[in-house]
Amino acid sequence: MAFVLREFSSTLKMPYLSTNEPLYMQLRELARVLQFAKYKEIFTLYEKIKLNIENLEKDSIFYPFRQEILGIFRLFRINEIKINIENDKSLSTFNNYLILAKLFCDKEYYINSALALKDGIDVGIYRYFVGDFGVHLVRENKFGFFWNEIFKDENLSEYIKKYLKIIFKLRCKVASIRNNFVHLENKKDNQILIKELKVIIQNIEQIFNPSALTKLEPFKKQIAKKIMQKLQAN
């Protein structure tokens, strides 16, 4: 069992065991949904697993490894994911994706990492402005679909426009890295992409920080109105 948990911790995959024990099946399912960066499903499973661990029978094969399993979740930072974020003024959705992007990067799943980071910017920033309104639309359309309208807004300060353009260029860079990972086979080029991705992940919280959000907050409703008008017109 120690080997199985080490493998899970190192590769995010659960080796096959000939058992139908509920905790093992939950861990296998968690390993599966992790690959898709579905943070709500991940956190829901984590909560179920945590409850299962608390109620483990002493004859369970997992009983001696309870704290080790919880330690793996802390290492993955799954316990930091936030689900009830409807009234959250911070970038909690983005931060959920960032947790997963960092995890994938640490485990050398670089395509997954770049994709989680791109989705975090797409969906996270969008939800920061307009909540759940038309999230499916922002997933289906190019990121510039509404951003170009924001940049044209004469009522926004130059500081805010500059800040939003930094986010826009960052997202385009992450999308480019992800696409290049998929299509490039040259190992040397891949190493360059890995380095670029790691630098972005290491520095991205300097862009998405409380100070910047405080300056953005007074313009939030104005920007949200622009986005909703653009989506409703198409």
# chains A, B, ... in the order shown; residues from 1 in each chain; ligands from 1
>>> residues_around(residues="A:Ile223", least_positions_apart="3", cutoff="8 Å", atoms="only C-alpha atoms", output="PyMOL selection string")
chain A and resi 129+150+219-220+226-227
>>> closest_atom_pairs(of="stretch 34-136 of chain A", to="stretch 153-166 of chain A", cutoff="12 Å", atoms="only C-alpha atoms", output="Markdown table")
| residue | atom | partner | partner_atom | distance |
| --- | --- | --- | --- | --- |
| A:Ile121 | CA | A:Leu164 | CA | 11.5 |
| A:Ile125 | CA | A:Leu164 | CA | 10.0 |
| A:Tyr126 | CA | A:Leu164 | CA | 11.8 |
>>> closest_residue(among="A:Leu45, A:Leu117, A:Leu56, A:Leu75", to="A:Ser9", atoms="only C-alpha atoms")
A:Leu75
>>> residues_around(residues="A:Lys102", least_positions_apart="2", cutoff="10 Å", atoms="only C-alpha atoms", output="PyMOL selection string")
chain A and resi 76-77+97-100+104-110+112-114+116-117+198+201-202
>>> select_by_dssp(residues="chain A", states="helix (DSSP H, G or I)", output="ChimeraX atom specification")
/A:2-11,22-34,39-54,63-76,78-80,92-106,110-130,135-140,144-151,158-183,187-207,210-232
>>> residues_around(residues="A:Lys173", least_positions_apart="6", cutoff="10 Å", atoms="only C-alpha atoms", output="VMD selection string")
chain A and resid 114 118 167 179 196 to 197 200
>>> write_last_selection(atoms="N, CA, C and O atoms", output="PDB file, in the first residue's frame")
ATOM      1  N   ALA A 114      -0.564  24.014 -18.711  1.00  0.00           N
ATOM      2  CA  ALA A 114      -0.845  25.178 -19.549  1.00  0.00           C
ATOM      3  C   ALA A 114      -2.340  25.329 -19.809  1.00  0.00           C
ATOM      4  O   ALA A 114      -2.876  26.450 -19.799  1.00  0.00           O
ATOM      5  N   LYS A 118      -4.662  28.465 -18.743  1.00  0.00           N
ATOM      6  CA  LYS A 118      -5.439  29.202 -19.747  1.00  0.00           C
ATOM      7  C   LYS A 118      -6.914  29.268 -19.331  1.00  0.00           C
ATOM      8  O   LYS A 118      -7.538  30.326 -19.386  1.00  0.00           O
ATOM      9  N   ILE A 167      -2.973  41.284 -18.800  1.00  0.00           N
ATOM     10  CA  ILE A 167      -3.674  40.010 -18.619  1.00  0.00           C
ATOM     11  C   ILE A 167      -3.950  39.365 -19.975  1.00  0.00           C
ATOM     12  O   ILE A 167      -3.729  38.162 -20.159  1.00  0.00           O
ATOM     13  N   ASN A 179      -0.468  25.314 -27.172  1.00  0.00           N
ATOM     14  CA  ASN A 179      -0.576  24.837 -28.556  1.00  0.00           C
ATOM     15  C   ASN A 179       0.760  24.293 -29.061  1.00  0.00           C
ATOM     16  O   ASN A 179       0.804  23.283 -29.761  1.00  0.00           O
ATOM     17  N   GLU A 196       9.499  28.602 -20.110  1.00  0.00           N
ATOM     18  CA  GLU A 196       8.585  29.744 -20.217  1.00  0.00           C
ATOM     19  C   GLU A 196       7.362  29.550 -19.332  1.00  0.00           C
ATOM     20  O   GLU A 196       6.915  30.490 -18.652  1.00  0.00           O
ATOM     21  N   LEU A 197       6.817  28.335 -19.339  1.00  0.00           N
ATOM     22  CA  LEU A 197       5.638  28.043 -18.522  1.00  0.00           C
ATOM     23  C   LEU A 197       5.959  28.191 -17.037  1.00  0.00           C
ATOM     24  O   LEU A 197       5.177  28.784 -16.275  1.00  0.00           O
ATOM     25  N   ILE A 200       6.140  31.843 -16.002  1.00  0.00           N
ATOM     26  CA  ILE A 200       4.809  32.447 -15.891  1.00  0.00           C
ATOM     27  C   ILE A 200       4.138  32.031 -14.593  1.00  0.00           C
ATOM     28  O   ILE A 200       3.593  32.868 -13.855  1.00  0.00           O
TER      29      ILE A 200
END
>>> closest_residue(among="A:Phe208, A:Ile81, A:Asn52, A:Gln26", to="A:Lys38", atoms="only C-alpha atoms")
A:Ile81
>>> residues_around(residues="A:Met1", least_positions_apart="6", cutoff="12 Å", atoms="only C-alpha atoms", output="PDB file with N, CA and C atoms, in the first residue's frame")
ATOM      1  N   GLU A   7       3.142   6.155  -5.568  1.00  0.00           N
ATOM      2  CA  GLU A   7       2.894   6.285  -7.009  1.00  0.00           C
ATOM      3  C   GLU A   7       1.859   7.379  -7.271  1.00  0.00           C
ATOM      4  N   PHE A   8       0.812   7.402  -6.460  1.00  0.00           N
ATOM      5  CA  PHE A   8      -0.228   8.429  -6.587  1.00  0.00           C
ATOM      6  C   PHE A   8       0.362   9.813  -6.338  1.00  0.00           C
ATOM      7  N   MET A  14      -3.402   6.232  -9.793  1.00  0.00           N
ATOM      8  CA  MET A  14      -3.547   5.166  -8.805  1.00  0.00           C
ATOM      9  C   MET A  14      -3.332   3.816  -9.474  1.00  0.00           C
ATOM     10  N   PRO A  15      -2.308   3.076  -9.075  1.00  0.00           N
ATOM     11  CA  PRO A  15      -2.087   1.733  -9.642  1.00  0.00           C
ATOM     12  C   PRO A  15      -3.273   0.825  -9.357  1.00  0.00           C
ATOM     13  N   TYR A  16      -3.448  -0.158 -10.217  1.00  0.00           N
ATOM     14  CA  TYR A  16      -4.571  -1.079 -10.057  1.00  0.00           C
ATOM     15  C   TYR A  16      -4.365  -1.987  -8.855  1.00  0.00           C
ATOM     16  N   LEU A  17      -5.428  -2.138  -8.063  1.00  0.00           N
ATOM     17  CA  LEU A  17      -5.460  -3.104  -6.966  1.00  0.00           C
ATOM     18  C   LEU A  17      -6.718  -3.945  -7.115  1.00  0.00           C
ATOM     19  N   THR A  19      -9.300  -4.829  -5.531  1.00  0.00           N
ATOM     20  CA  THR A  19     -10.161  -4.578  -4.385  1.00  0.00           C
ATOM     21  C   THR A  19     -11.264  -3.612  -4.794  1.00  0.00           C
ATOM     22  N   TYR A  24     -10.534   3.131  -1.966  1.00  0.00           N
ATOM     23  CA  TYR A  24      -9.660   2.922  -3.124  1.00  0.00           C
ATOM     24  C   TYR A  24     -10.358   3.378  -4.401  1.00  0.00           C
ATOM     25  N   SER A  60      -9.385  -2.052   7.723  1.00  0.00           N
ATOM     26  CA  SER A  60      -9.197  -1.581   6.349  1.00  0.00           C
ATOM     27  C   SER A  60      -7.707  -1.565   5.989  1.00  0.00           C
ATOM     28  N   ILE A  61      -7.394  -1.887   4.729  1.00  0.00           N
ATOM     29  CA  ILE A  61      -5.993  -1.860   4.289  1.00  0.00           C
ATOM     30  C   ILE A  61      -5.444  -0.434   4.298  1.00  0.00           C
ATOM     31  N   PHE A  62      -6.341   0.552   4.310  1.00  0.00           N
ATOM     32  CA  PHE A  62      -5.914   1.960   4.293  1.00  0.00           C
ATOM     33  C   PHE A  62      -5.756   2.558   5.693  1.00  0.00           C
ATOM     34  N   TYR A  63      -6.242   1.834   6.696  1.00  0.00           N
ATOM     35  CA  TYR A  63      -6.270   2.415   8.049  1.00  0.00           C
ATOM     36  C   TYR A  63      -4.897   2.919   8.515  1.00  0.00           C
ATOM     37  N   PRO A  64      -3.801   2.173   8.322  1.00  0.00           N
ATOM     38  CA  PRO A  64      -2.497   2.667   8.785  1.00  0.00           C
ATOM     39  C   PRO A  64      -1.967   3.855   7.972  1.00  0.00           C
ATOM     40  N   PHE A  65      -2.642   4.173   6.839  1.00  0.00           N
ATOM     41  CA  PHE A  65      -2.132   5.202   5.935  1.00  0.00           C
ATOM     42  C   PHE A  65      -3.039   6.441   5.872  1.00  0.00           C
ATOM     43  N   ARG A  66      -3.895   6.580   6.881  1.00  0.00           N
ATOM     44  CA  ARG A  66      -4.854   7.691   6.865  1.00  0.00           C
ATOM     45  C   ARG A  66      -4.161   9.048   6.781  1.00  0.00           C
ATOM     46  N   GLU A  68      -1.157   9.735   5.899  1.00  0.00           N
ATOM     47  CA  GLU A  68      -0.357   9.852   4.672  1.00  0.00           C
ATOM     48  C   GLU A  68      -1.234  10.323   3.506  1.00  0.00           C
ATOM     49  N   ILE A  69      -2.444   9.794   3.413  1.00  0.00           N
ATOM     50  CA  ILE A  69      -3.363  10.193   2.342  1.00  0.00           C
ATOM     51  C   ILE A  69      -3.734  11.662   2.487  1.00  0.00           C
TER      52      ILE A  69
END
>>> closest_residue(among="A:Phe181, A:Trp147, A:Tyr39, A:Phe3", to="A:Gly120", atoms="only C-alpha atoms")
A:Tyr39
>>> atom_distance(atom1="atom CA of A:Ser211", atom2="atom CA of A:Ala175")
25.9 Å
>>> atom_distance(atom1="atom CA of A:Arg171", atom2="atom CA of A:Asp119")
9.1 Å
>>> closest_residue(among="A:Leu216, A:Val33, A:Val182, A:Leu170", to="A:Ile204", atoms="only C-alpha atoms")
A:Leu170
>>> residues_around(residues="A:Glu80", least_positions_apart="6", cutoff="10 Å", atoms="only C-alpha atoms", output="list of chain:residue names")
A:Phe43, A:Phe73, A:Arg74, A:Asn95, A:Asn96, A:Ile99
>>> atom_distance(atom1="atom CA of A:Gln232", atom2="atom CA of A:Tyr128")
18.3 Å
>>> closest_residue(among="A:Phe94, A:Leu115, A:Val199, A:Glu29", to="A:Glu41", atoms="only C-alpha atoms")
A:Glu29
